[in-house]
Structures are given as structure tokens and as C-alpha cells.
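start34.pdb follows; it contains PDB, C-alpha atoms (C1' of nucleotides).
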ATOM      1  CA  MET Q   1     -13.203 102.952  93.167
ATOM      2  CA  PRO Q   2     -10.192 104.394  94.964
ATOM      3  CA  SER Q   3      -7.524 105.920  92.806
ATOM      4  CA  ARG Q   4      -3.961 104.743  92.957
ATOM      5  CA  VAL Q   5      -3.021 108.015  94.554
ATOM      6  CA  GLU Q   6      -5.545 107.458  97.315
ATOM      7  CA  VAL Q   7      -4.375 103.926  97.967
ATOM      8  CA  ALA Q   8      -0.754 105.056  97.981
ATOM      9  CA  ASN Q   9      -1.605 107.748 100.502
ATOM     10  CA  LYS Q  10      -3.332 105.331 102.863
ATOM     11  CA  LEU Q  11      -0.530 102.822 102.563
ATOM     12  CA  SER Q  12       2.073 105.469 103.283
ATOM     13  CA  VAL Q  13       0.326 106.271 106.558
ATOM     14  CA  ILE Q  14       0.666 102.672 107.682
ATOM     15  CA  PHE Q  15       4.266 102.502 106.576
ATOM     16  CA  LYS Q  16       5.135 105.728 108.379
ATOM     17  CA  LEU Q  17       3.545 104.352 111.501
ATOM     18  CA  ILE Q  18       5.586 101.186 111.372
ATOM     19  CA  ALA Q  19       8.770 102.957 110.338
ATOM     20  CA  HIS Q  20      10.089 103.381 113.856
ATOM     21  CA  PRO Q  21      12.358 100.936 115.687
ATOM     22  CA  ASP Q  22      10.421 101.201 118.945
ATOM     23  CA  ARG Q  23       7.089 100.590 117.275
ATOM     24  CA  ILE Q  24       8.416  97.637 115.325
ATOM     25  CA  ARG Q  25       9.673  96.095 118.551
ATOM     26  CA  ILE Q  26       6.390  96.795 120.308
ATOM     27  CA  ILE Q  27       4.466  95.068 117.532
ATOM     28  CA  GLU Q  28       6.768  92.062 117.592
ATOM     29  CA  GLU Q  29       6.501  91.873 121.352
ATOM     30  CA  LEU Q  30       2.718  91.980 121.144
ATOM     31  CA  TYR Q  31       2.804  89.056 118.747
ATOM     32  CA  SER Q  32       3.415  86.914 121.814
ATOM     33  CA  GLY Q  33       0.200  88.209 123.292
ATOM     34  CA  GLU Q  34      -1.387  90.969 125.273
ATOM     35  CA  ARG Q  35       0.948  93.200 127.289
ATOM     36  CA  ASP Q  36       0.534  96.111 129.654
ATOM     37  CA  VAL Q  37       2.512  99.307 129.238
ATOM     38  CA  GLY Q  38       4.935  98.759 132.100
ATOM     39  CA  THR Q  39       5.807  95.253 130.970
ATOM     40  CA  LEU Q  40       6.430  96.452 127.438
ATOM     41  CA  ALA Q  41       8.575  99.297 128.709
ATOM     42  CA  SER Q  42      10.782  97.119 130.877
ATOM     43  CA  ARG Q  43      11.159  94.382 128.291
ATOM     44  CA  LEU Q  44      12.126  96.818 125.563
ATOM     45  CA  GLU Q  45      14.154  98.997 127.919
ATOM     46  CA  LEU Q  46      12.209 102.114 127.090
ATOM     47  CA  LYS Q  47      10.673 104.774 129.273
ATOM     48  CA  ASN Q  48       7.058 104.429 130.149
ATOM     49  CA  PRO Q  49       5.846 107.641 128.459
ATOM     50  CA  ARG Q  50       7.519 106.685 125.195
ATOM     51  CA  VAL Q  51       5.770 103.358 125.047
ATOM     52  CA  SER Q  52       2.487 104.961 125.966
ATOM     53  CA  GLN Q  53       2.835 107.516 123.191
ATOM     54  CA  HIS Q  54       3.643 104.877 120.606
ATOM     55  CA  LEU Q  55       0.689 102.772 121.685
ATOM     56  CA  HIS Q  56      -1.556 105.794 121.473
ATOM     57  CA  GLU Q  57      -0.531 106.409 117.862
ATOM     58  CA  MET Q  58      -0.986 102.803 116.934
ATOM     59  CA  LYS Q  59      -4.360 102.641 118.594
ATOM     60  CA  LEU Q  60      -5.505 105.701 116.654
ATOM     61  CA  HIS Q  61      -4.707 103.829 113.470
ATOM     62  CA  GLY Q  62      -6.409 100.640 114.535
ATOM     63  CA  ILE Q  63      -3.242  98.618 114.814
ATOM     64  CA  VAL Q  64      -3.576  97.822 118.498
ATOM     65  CA  SER Q  65      -6.509  97.664 120.869
ATOM     66  CA  GLU Q  66      -6.675  98.450 124.565
ATOM     67  CA  ARG Q  67      -8.262  96.550 127.430
ATOM     68  CA  ARG Q  68      -8.286  98.209 130.824
ATOM     69  CA  GLU Q  69      -8.148  96.253 134.012
ATOM     70  CA  GLY Q  70      -7.779  98.372 137.100
ATOM     71  CA  ARG Q  71      -4.815 100.622 136.590
ATOM     72  CA  TYR Q  72      -3.327  98.304 134.011
ATOM     73  CA  HIS Q  73      -3.847  98.991 130.329
ATOM     74  CA  HIS Q  74      -3.393  95.856 128.286
ATOM     75  CA  TYR Q  75      -2.629  96.270 124.617
ATOM     76  CA  SER Q  76      -2.803  93.706 121.863
ATOM     77  CA  LEU Q  77      -2.527  93.496 118.089
ATOM     78  CA  VAL Q  78      -5.782  93.898 116.204
ATOM     79  CA  THR Q  79      -4.302  91.865 113.343
ATOM     80  CA  PRO Q  80      -1.515  89.601 114.622
ATOM     81  CA  SER Q  81      -0.384  88.740 111.085
ATOM     82  CA  LEU Q  82       0.945  92.279 110.944
ATOM     83  CA  ALA Q  83       3.925  91.034 112.949
ATOM     84  CA  THR Q  84       4.821  88.285 110.487
ATOM     85  CA  TRP Q  85       4.285  90.614 107.559
ATOM     86  CA  ILE Q  86       6.791  93.038 109.062
ATOM     87  CA  VAL Q  87       9.381  90.328 109.550
ATOM     88  CA  ASP Q  88       8.886  89.379 105.911
ATOM     89  CA  ALA Q  89      10.544  92.681 105.089
ATOM     90  CA  THR Q  90      13.898  91.188 106.056
ATOM     91  CA  GLN Q  91      14.128  89.803 102.538
ATOM     92  CA  PHE Q  92      14.231  93.336 101.215
ATOM     93  CA  VAL Q  93      16.775  94.345 103.811
ATOM     94  CA  GLU Q  94      18.818  91.487 102.472
ATOM     95  CA  SER Q  95      18.598  92.679  98.910
ATOM     96  CA  SER Q  96      19.637  96.140  99.987
ATOM     97  CA  SER Q  97      23.154  96.991 101.042
ATOM     98  CA  LEU Q  98      22.356  97.346 104.704
ATOM     99  CA  THR Q  99      25.123  95.068 105.925
ATOM    100  CA  LEU Q 100      22.829  92.341 107.190
ATOM    101  CA  GLU Q 101      24.791  89.209 106.352
ATOM    102  CA  PRO Q 102      22.800  86.653 104.339
ATOM    103  CA  ALA Q 103      23.315  84.085 107.082
ATOM    104  CA  GLN Q 104      21.949  86.520 109.604
ATOM    105  CA  ILE Q 105      18.629  86.881 107.845
ATOM    106  CA  ASP Q 106      17.408  83.516 108.976
ATOM    107  CA  ALA Q 107      18.512  84.263 112.497
ATOM    108  CA  ALA Q 108      16.692  87.577 112.308
ATOM    109  CA  ARG Q 109      13.471  85.916 111.235
ATOM    110  CA  LYS Q 110      13.699  83.270 113.903
ATOM    111  CA  LEU Q 111      14.565  85.834 116.518
ATOM    112  CA  TRP Q 112      11.030  87.081 116.814
ATOM    113  CA  MET Q 113       8.982  84.197 115.580
ATOM    114  CA  SER Q 114      10.583  81.588 117.772
ATOM    115  CA  SER Q 115       9.320  80.664 121.199
ATOM    116  CA  ASP Q 116      12.230  81.813 123.299
ATOM    117  CA  THR Q 117      10.113  84.377 125.050
ATOM    118  CA  ASN Q 118       7.393  83.789 127.586
ATOM    119  CA  GLN Q 119       4.246  83.602 125.550
ATOM    120  CA  ASP Q 120       0.861  83.537 127.152
ATOM    121  CA  GLU Q 121      -0.932  82.980 123.895
ATOM    122  CA  GLN Q 122       0.146  82.234 120.383
ATOM    123  CA  PRO Q 123      -1.967  83.829 117.637
ATOM    124  CA  ALA Q 124      -3.273  81.448 115.023
TER
ATOM    125  CA  MET Z 125      23.524  86.931 115.827
ATOM    126  CA  PRO Z 126      21.844  90.294 115.353
ATOM    127  CA  SER Z 127      19.953  91.652 118.312
ATOM    128  CA  ARG Z 128      16.299  92.521 118.058
ATOM    129  CA  VAL Z 129      17.221  96.162 118.335
ATOM    130  CA  GLU Z 130      19.541  95.874 115.355
ATOM    131  CA  VAL Z 131      16.949  94.095 113.262
ATOM    132  CA  ALA Z 132      14.314  96.641 114.224
ATOM    133  CA  ASN Z 133      16.646  99.452 113.205
ATOM    134  CA  LYS Z 134      17.347  97.942 109.797
ATOM    135  CA  LEU Z 135      13.681  97.251 109.208
ATOM    136  CA  SER Z 136      12.739 100.793 110.141
ATOM    137  CA  VAL Z 137      15.078 102.103 107.446
ATOM    138  CA  ILE Z 138      13.245 100.112 104.802
ATOM    139  CA  PHE Z 139       9.864 101.155 106.130
ATOM    140  CA  LYS Z 140      10.863 104.802 106.184
ATOM    141  CA  LEU Z 141      12.011 104.495 102.621
ATOM    142  CA  ILE Z 142       8.726 103.027 101.464
ATOM    143  CA  ALA Z 143       6.608 105.324 103.619
ATOM    144  CA  HIS Z 144       6.047 107.937 100.946
ATOM    145  CA  PRO Z 145       3.141 108.035  98.488
ATOM    146  CA  ASP Z 146       5.364 108.894  95.526
ATOM    147  CA  ARG Z 147       7.781 106.100  96.253
ATOM    148  CA  ILE Z 148       5.009 103.590  96.730
ATOM    149  CA  ARG Z 149       3.585 104.550  93.364
ATOM    150  CA  ILE Z 150       6.984 104.376  91.725
ATOM    151  CA  ILE Z 151       7.531 100.876  93.093
ATOM    152  CA  GLU Z 152       4.107  99.732  91.909
ATOM    153  CA  GLU Z 153       4.717 101.245  88.506
ATOM    154  CA  LEU Z 154       8.056  99.478  88.237
ATOM    155  CA  TYR Z 155       6.317  96.194  88.951
ATOM    156  CA  SER Z 156       5.148  96.351  85.343
ATOM    157  CA  GLY Z 157       8.752  96.511  84.241
ATOM    158  CA  GLU Z 158      11.683  98.775  83.611
ATOM    159  CA  ARG Z 159      10.921 102.486  83.225
ATOM    160  CA  ASP Z 160      12.926 105.589  82.446
ATOM    161  CA  VAL Z 161      12.651 108.696  84.600
ATOM    162  CA  GLY Z 162      10.618 110.768  82.170
ATOM    163  CA  THR Z 163       8.071 108.028  81.621
ATOM    164  CA  LEU Z 164       7.650 107.531  85.342
ATOM    165  CA  ALA Z 165       7.266 111.273  85.884
ATOM    166  CA  SER Z 166       4.579 111.704  83.258
ATOM    167  CA  ARG Z 167       2.652 108.590  84.265
ATOM    168  CA  LEU Z 168       2.622 109.567  87.913
ATOM    169  CA  GLU Z 169       2.148 113.266  87.163
ATOM    170  CA  LEU Z 170       5.213 114.302  89.107
ATOM    171  CA  LYS Z 171       8.062 116.630  88.264
ATOM    172  CA  ASN Z 172      11.172 115.091  86.877
ATOM    173  CA  PRO Z 173      13.539 116.105  89.705
ATOM    174  CA  ARG Z 174      11.235 114.619  92.336
ATOM    175  CA  VAL Z 175      11.171 111.268  90.630
ATOM    176  CA  SER Z 176      14.915 111.371  90.132
ATOM    177  CA  GLN Z 177      15.491 112.113  93.807
ATOM    178  CA  HIS Z 178      13.230 109.299  94.927
ATOM    179  CA  LEU Z 179      14.954 106.867  92.612
ATOM    180  CA  HIS Z 180      18.311 107.980  93.917
ATOM    181  CA  GLU Z 181      17.267 107.183  97.489
ATOM    182  CA  MET Z 182      15.832 103.848  96.517
ATOM    183  CA  LYS Z 183      18.935 102.951  94.569
ATOM    184  CA  LEU Z 184      21.128 103.763  97.550
ATOM    185  CA  HIS Z 185      19.174 101.223  99.552
ATOM    186  CA  GLY Z 186      19.292  98.560  96.889
ATOM    187  CA  ILE Z 187      15.613  98.660  96.105
ATOM    188  CA  VAL Z 188      15.972  99.666  92.475
ATOM    189  CA  SER Z 189      18.767  99.322  89.951
ATOM    190  CA  GLU Z 190      19.722 101.594  87.086
ATOM    191  CA  ARG Z 191      20.584 100.767  83.484
ATOM    192  CA  ARG Z 192      21.798 103.621  81.305
ATOM    193  CA  GLU Z 193      21.164 103.691  77.618
ATOM    194  CA  GLY Z 194      22.221 106.892  75.952
ATOM    195  CA  ARG Z 195      20.623 109.717  77.827
ATOM    196  CA  TYR Z 196      17.899 107.485  79.209
ATOM    197  CA  HIS Z 197      18.194 106.039  82.671
ATOM    198  CA  HIS Z 198      16.095 102.916  83.031
ATOM    199  CA  TYR Z 199      15.154 101.859  86.543
ATOM    200  CA  SER Z 200      13.794  98.533  87.700
ATOM    201  CA  LEU Z 201      12.993  96.721  90.931
ATOM    202  CA  VAL Z 202      15.800  94.611  92.314
ATOM    203  CA  THR Z 203      13.210  92.409  94.043
ATOM    204  CA  PRO Z 204       9.853  92.626  92.233
ATOM    205  CA  SER Z 205       8.055  90.826  95.045
ATOM    206  CA  LEU Z 206       8.516  94.014  97.028
ATOM    207  CA  ALA Z 207       5.568  95.426  95.087
ATOM    208  CA  THR Z 208       3.204  92.623  96.056
ATOM    209  CA  TRP Z 209       4.403  92.700  99.627
ATOM    210  CA  ILE Z 210       3.528  96.394  99.791
ATOM    211  CA  VAL Z 211       0.048  95.822  98.421
ATOM    212  CA  ASP Z 212      -0.423  93.146 101.078
ATOM    213  CA  ALA Z 213      -0.443  95.998 103.574
ATOM    214  CA  THR Z 214      -3.951  96.913 102.429
ATOM    215  CA  GLN Z 215      -5.248  94.323 104.887
ATOM    216  CA  PHE Z 216      -3.856  96.408 107.720
ATOM    217  CA  VAL Z 217      -5.301  99.561 106.242
ATOM    218  CA  GLU Z 218      -8.596  97.739 106.243
ATOM    219  CA  SER Z 219      -8.367  96.855 109.901
ATOM    220  CA  SER Z 220      -7.531 100.436 110.731
ATOM    221  CA  SER Z 221     -10.080 103.209 110.694
ATOM    222  CA  LEU Z 222      -8.718 104.927 107.634
ATOM    223  CA  THR Z 223     -12.029 105.249 105.831
ATOM    224  CA  LEU Z 224     -11.197 102.734 103.129
ATOM    225  CA  GLU Z 225     -14.529 101.021 102.585
ATOM    226  CA  PRO Z 226     -14.337  97.223 102.926
ATOM    227  CA  ALA Z 227     -15.593  96.780  99.406
ATOM    228  CA  GLN Z 228     -12.891  99.089  98.150
ATOM    229  CA  ILE Z 229     -10.062  96.963  99.481
ATOM    230  CA  ASP Z 230     -10.409  94.364  96.772
ATOM    231  CA  ALA Z 231     -10.515  97.060  94.167
ATOM    232  CA  ALA Z 232      -7.409  98.574  95.677
ATOM    233  CA  ARG Z 233      -5.515  95.304  95.470
ATOM    234  CA  LYS Z 234      -6.592  94.672  91.928
ATOM    235  CA  LEU Z 235      -5.781  98.202  90.945
ATOM    236  CA  TRP Z 236      -2.072  97.616  90.791
ATOM    237  CA  MET Z 237      -1.807  93.928  90.304
ATOM    238  CA  SER Z 238      -4.178  93.733  87.367
ATOM    239  CA  SER Z 239      -3.072  94.075  83.764
ATOM    240  CA  ASP Z 240      -4.855  97.283  82.872
ATOM    241  CA  THR Z 241      -1.575  99.049  82.275
ATOM    242  CA  ASN Z 242       0.835  98.550  79.418
ATOM    243  CA  GLN Z 243       3.276  96.022  80.677
ATOM    244  CA  ASP Z 244       6.387  95.143  78.743
ATOM    245  CA  GLU Z 245       7.331  92.369  81.117
ATOM    246  CA  GLN Z 246       5.584  90.654  83.975
ATOM    247  CA  PRO Z 247       7.857  89.581  86.851
ATOM    248  CA  ALA Z 248       7.551  85.962  87.931
TER
ATOM    249  C1'  DA C 249      -7.645 111.276 153.488
ATOM    250  C1'  DG C 250      -3.010 110.152 152.216
ATOM    251  C1'  DT C 251       0.278 107.515 149.632
ATOM    252  C1'  DA C 252       1.868 104.562 146.001
ATOM    253  C1'  DT C 253       1.540 102.634 141.484
ATOM    254  C1'  DA C 254       0.291 102.664 136.376
ATOM    255  C1'  DA C 255      -0.258 105.239 132.673
ATOM    256  C1'  DT C 256      -1.194 109.486 129.974
ATOM    257  C1'  DT C 257      -0.555 114.201 128.503
ATOM    258  C1'  DT C 258       1.860 118.369 127.479
ATOM    259  C1'  DC C 259       5.465 120.982 125.648
ATOM    260  C1'  DA C 260       9.455 122.734 123.538
ATOM    261  C1'  DA C 261      13.980 121.861 121.539
ATOM    262  C1'  DG C 262      16.328 119.276 118.238
ATOM    263  C1'  DT C 263      16.503 116.469 114.150
ATOM    264  C1'  DT C 264      14.995 114.736 109.875
ATOM    265  C1'  DT C 265      12.049 114.912 105.610
ATOM    266  C1'  DT C 266       9.900 117.069 102.113
ATOM    267  C1'  DC C 267       9.458 120.290  98.351
ATOM    268  C1'  DG C 268      10.166 123.121  94.472
ATOM    269  C1'  DC C 269      13.097 125.622  91.772
ATOM    270  C1'  DA C 270      17.307 126.937  89.701
ATOM    271  C1'  DA C 271      21.531 125.440  88.045
ATOM    272  C1'  DG C 272      24.442 121.816  86.336
ATOM    273  C1'  DT C 273      25.898 117.452  83.766
ATOM    274  C1'  DA C 274      25.601 114.126  80.062
ATOM    275  C1'  DT C 275      24.212 112.516  75.714
ATOM    276  C1'  DG C 276      22.386 112.995  71.067
ATOM    277  C1'  DT C 277      21.736 115.803  66.823
ATOM    278  C1'  DA C 278      22.169 119.407  63.260
TER
ATOM    279  C1'  DT D 279      30.014 124.174  67.808
ATOM    280  C1'  DA D 280      25.517 125.056  69.034
ATOM    281  C1'  DC D 281      21.231 123.447  70.630
ATOM    282  C1'  DA D 282      17.890 120.254  72.521
ATOM    283  C1'  DT D 283      16.689 116.467  75.407
ATOM    284  C1'  DA D 284      17.090 113.516  79.668
ATOM    285  C1'  DC D 285      18.314 113.543  83.976
ATOM    286  C1'  DT D 286      20.726 114.950  88.309
ATOM    287  C1'  DT D 287      22.270 118.010  92.028
ATOM    288  C1'  DG D 288      22.267 121.739  95.318
ATOM    289  C1'  DC D 289      19.949 124.546  98.289
ATOM    290  C1'  DG D 290      16.923 126.792 101.584
ATOM    291  C1'  DA D 291      12.397 127.134 103.666
ATOM    292  C1'  DA D 292       8.469 124.639 105.509
ATOM    293  C1'  DA D 293       6.541 120.632 107.554
ATOM    294  C1'  DA D 294       6.781 116.510 110.166
ATOM    295  C1'  DC D 295       8.795 113.561 113.528
ATOM    296  C1'  DT D 296      11.413 112.470 117.759
ATOM    297  C1'  DT D 297      12.628 112.935 122.471
ATOM    298  C1'  DG D 298      12.892 113.636 127.396
ATOM    299  C1'  DA D 299      11.266 115.730 131.338
ATOM    300  C1'  DA D 300       7.707 117.494 134.143
ATOM    301  C1'  DA D 301       3.001 117.668 135.236
ATOM    302  C1'  DT D 302      -1.466 115.272 135.379
ATOM    303  C1'  DT D 303      -4.990 111.631 135.720
ATOM    304  C1'  DA D 304      -6.723 107.238 137.369
ATOM    305  C1'  DT D 305      -6.832 103.370 140.297
ATOM    306  C1'  DA D 306      -5.551 100.723 144.432
ATOM    307  C1'  DC D 307      -4.325 100.256 149.163
ATOM    308  C1'  DT D 308      -3.923 101.454 154.176
TER
END
Show the structure stored in the file as C-alpha cells.
Amino acid sequence: MPSRVEVANKLSVIFKLIAHPDRIRIIEELYSGERDVGTLASRLELKNPRVSQHLHEMKLHGIVSERREGRYHHYSLVTPSLATWIVDATQFVESSSLTLEPAQIDAARKLWMSSDTNQDEQPA
Amino acid sequence: MPSRVEVANKLSVIFKLIAHPDRIRIIEELYSGERDVGTLASRLELKNPRVSQHLHEMKLHGIVSERREGRYHHYSLVTPSLATWIVDATQFVESSSLTLEPAQIDAARKLWMSSDTNQDEQPA
DNA sequence: AGTATAATTTCAAGTTTTCGCAAGTATGTA
DNA sequence: TACATACTTGCGAAAACTTGAAATTATACT
């Protein structure tokens, strides 16, 4: 039986991991399917090493998995529903005074979950 | 129309805010209903100033609200569903190698959402 | 072997968070 | 007024996180 303190500690690790704009975008991008480092970097307009470092962290915590193919390292979400769960947080952004207009919330949700990006596979 | 970068930035603020064991426990405690600072501090075995500081942060971001009654400051969750949403993250802890035994996950979920604590009001 | 591409690793400076304690404010009570 | 209770604020040191650039590893191609 884990204590509440223990559970809170484990949860805080996950939250800390997700609490970074780059990592949130990487996760949302991976919701569309497997991606290699270079593709992620160019799509998110980030430097290659940055993306690699983030992926390393996330892999350590079991959030993403890696599949190597030649010199390409393909990453994907271990639990795709993580992406939708993250977007669910917009409702709490709304309730906080973070200047996201109510009308924008819907747009924000659709932004990632819609199919306006090239998807090679859609998680169930 | 907010850009993905903007949305990711706003989300990361919320995640950063929640990414602290004390604050997670405070939020879960408040799920049972309104609490004053001293009660929270003694139940969570934390010093008064710490709890007060955390609540201040959370209030700034619209996560909790304050109701003063004499010298008592009662805090409550602006959006109670935040507490359940946080506990939902246990599924991602499970998928990660954070040494939470599979069998313990259920216990963890029940831990906070069960009625083994004195609740003066149960949010809908 | 030599070169190019894809990705990872290292490292140090800079920034942000966390933490505990002391001091301060506000309200109630004698 | 004096004193106690409830809570908040300020502050500085320690810890953690972020960031970019340079160096390194691994694979592919000629």
C-alpha cells in the first residue's frame, strides 16, 4: 500500500517531465505517430541536440520508446492517451487567469487533435 | 487562433505549478472540500508558511480560491475535477519504470478518491 | 579509407525553484 | 492595551533545470 506521500512524489516526477513547452510539443507531435529526431526537430523548429535530450529524458521515464533503423532513431509514445490527457489540461488553463480566451480553448484543443498534419498512423 | 507554441507555453505553466509533491497533496486534500491553512498544514505534516506559499501560487494561477472568515483563510479548488484529472496520471506512472507495482496502482487511485477521510462536502 | 548524415553526449553559465526561518500583519480575546 | 492565534511575507542559500555550443559516436555511401 503506497502512502499518499509516495504517490504524490511519483506523480510530481511525471508532471515535472511534462512541464516543458518543448516536451509538450514533442508529445503532441508523436500523437500523430512515430517520428525520427531530425523530423521532430525541423517540425518544431528546435535544434537537434535539444530534441535528443528531451527524448532521452522521456525515454528514461518510460514515456517514449525508441526504434532504431540505420542511423535513424524513431521515437513513439508508449501510451498515446498521454497526449489527449495533456490537452485536457486546457480546461484548467481556462479557469486560471492565463489570458486564454474562452473561445480559444476549443481552437486549442482542436489544434492538436485535428488531422491537419500528415499522420502516418492514428492511435486508437 | 493560438499557435501550438502558445498553447504549449500556457500548458507548461499549469504543469509546472502542479509538479510539486506538496501542491499535489494540497489539491487532493482540497478535493474533500474547503480547508483552512492550519488544517492543511497539520494534515499534510508541513509547516504553515510552506502551505501558505503554495496556496498563494495556486491562487495566482486561478487554481484555488480564498474565503476569509475572521482570522481563518479557507481555500478551495476552483475546478474540483482538477483533482481527478491529476490522479488519472497514475496510468502514465504505471507505464513508466518508476517502481510503482501494478497492483499498487489501483490502491493509489483509491487512496485519494475514496471516502476514508472526513469530508464535509463531496464535489459533483 | 574518406566523407557525409543522424543523433548523442558533455559541459558550464545562466536562470528558476525550493526551503526554512525570522519578521510582519491581521484578527480575536481578556 | 496587551497577548495569543492564524496566516503571510521577505530573504538568502542550496538545489534543480535550461540552454547552446562543441565534441563524439554510429551508420551509410563512394
### Message
I need the chain Q residues near chain Z as a PyMOL selection string; criterion: at most 6 Å, counting all atoms listed in the file.
### Response
chain Q and resi 8-9+12+15-16+19-21+61-62+96-97
### Message
Give me, as a ChimeraX atom specification, all polymer residues having an atom no more than 9 Å from segment 257-270 of chain C, counting only C-alpha atoms (C1' of nucleotides) and skipping those fewer than 3 positions away in the same chain.
### Response
/Z:174 /D:292-297,300-303
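You will find atom CA of Glu169 of chain Z at 18.8 Å from atom CA of Ser200 of chain Z.
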For the interface of chain Q with chain D (cut-off 10 Å, counting all atoms listed in the file), please tabulate each contacting residue of chain Q alongside its nearest pair of atoms and their separation in Å to one decimal, rows sorted by chain and increasing number, as a tab-separated table.
residue	atom	partner	partner_atom	distance
Q:His20	CA	D:DT296	C1'	10.0
Q:Lys47	CA	D:DG298	C1'	9.3
Q:Pro49	CA	D:DG298	C1'	9.3
Q:Arg50	CA	D:DT297	C1'	8.5
Q:Glu69	CA	D:DT305	C1'	9.6
Q:Gly70	CA	D:DT305	C1'	6.0
Q:Arg71	CA	D:DT305	C1'	5.0
Q:Tyr72	CA	D:DT305	C1'	8.8
### Query
Which neighbours of His198 of chain Z fall inside 9 Å, counting all atoms listed in the file, when residues of the same chain fewer than 4 positions from it are skipped, and could you give them as JSON, numbers by chain?
{"Z": [158, 159, 160, 161, 189, 190, 191, 192, 193]}
Export of prior selection with C-alpha atoms as a PDB file, in the coordinates of the input:
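Saved file again_35.pdb follows:
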ATOM      1  CA  GLU Z 158      11.683  98.775  83.611  1.00  0.00           C
ATOM      2  CA  ARG Z 159      10.921 102.486  83.225  1.00  0.00           C
ATOM      3  CA  ASP Z 160      12.926 105.589  82.446  1.00  0.00           C
ATOM      4  CA  VAL Z 161      12.651 108.696  84.600  1.00  0.00           C
ATOM      5  CA  SER Z 189      18.767  99.322  89.951  1.00  0.00           C
ATOM      6  CA  GLU Z 190      19.722 101.594  87.086  1.00  0.00           C
ATOM      7  CA  ARG Z 191      20.584 100.767  83.484  1.00  0.00           C
ATOM      8  CA  ARG Z 192      21.798 103.621  81.305  1.00  0.00           C
ATOM      9  CA  GLU Z 193      21.164 103.691  77.618  1.00  0.00           C
TER      10      GLU Z 193
END
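Using only C-alpha atoms (C1' of nucleotides), the smallest distance between any of C:DG272, C:DT256, C:DG250, C:DA278 and His54 of chain Q comes from C:DT256.
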### Task
Figure out the distance between atom CA of Leu55 of chain Q and atom CA of Ala207 of chain Z, please, to one decimal in Å.
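Value for the atom CA of Ala207 of chain Z-atom CA of Leu55 of chain Q distance: 28.0 Å.
Rounded to one decimal, atom CA of Leu30 of chain Q and atom C1' of DA255 of chain C lie 17.8 Å from each other.
The list of chain C residues within 8 Å of chain Z is DA274, DT275 and DG276 of chain C; this uses all atoms listed in the file.
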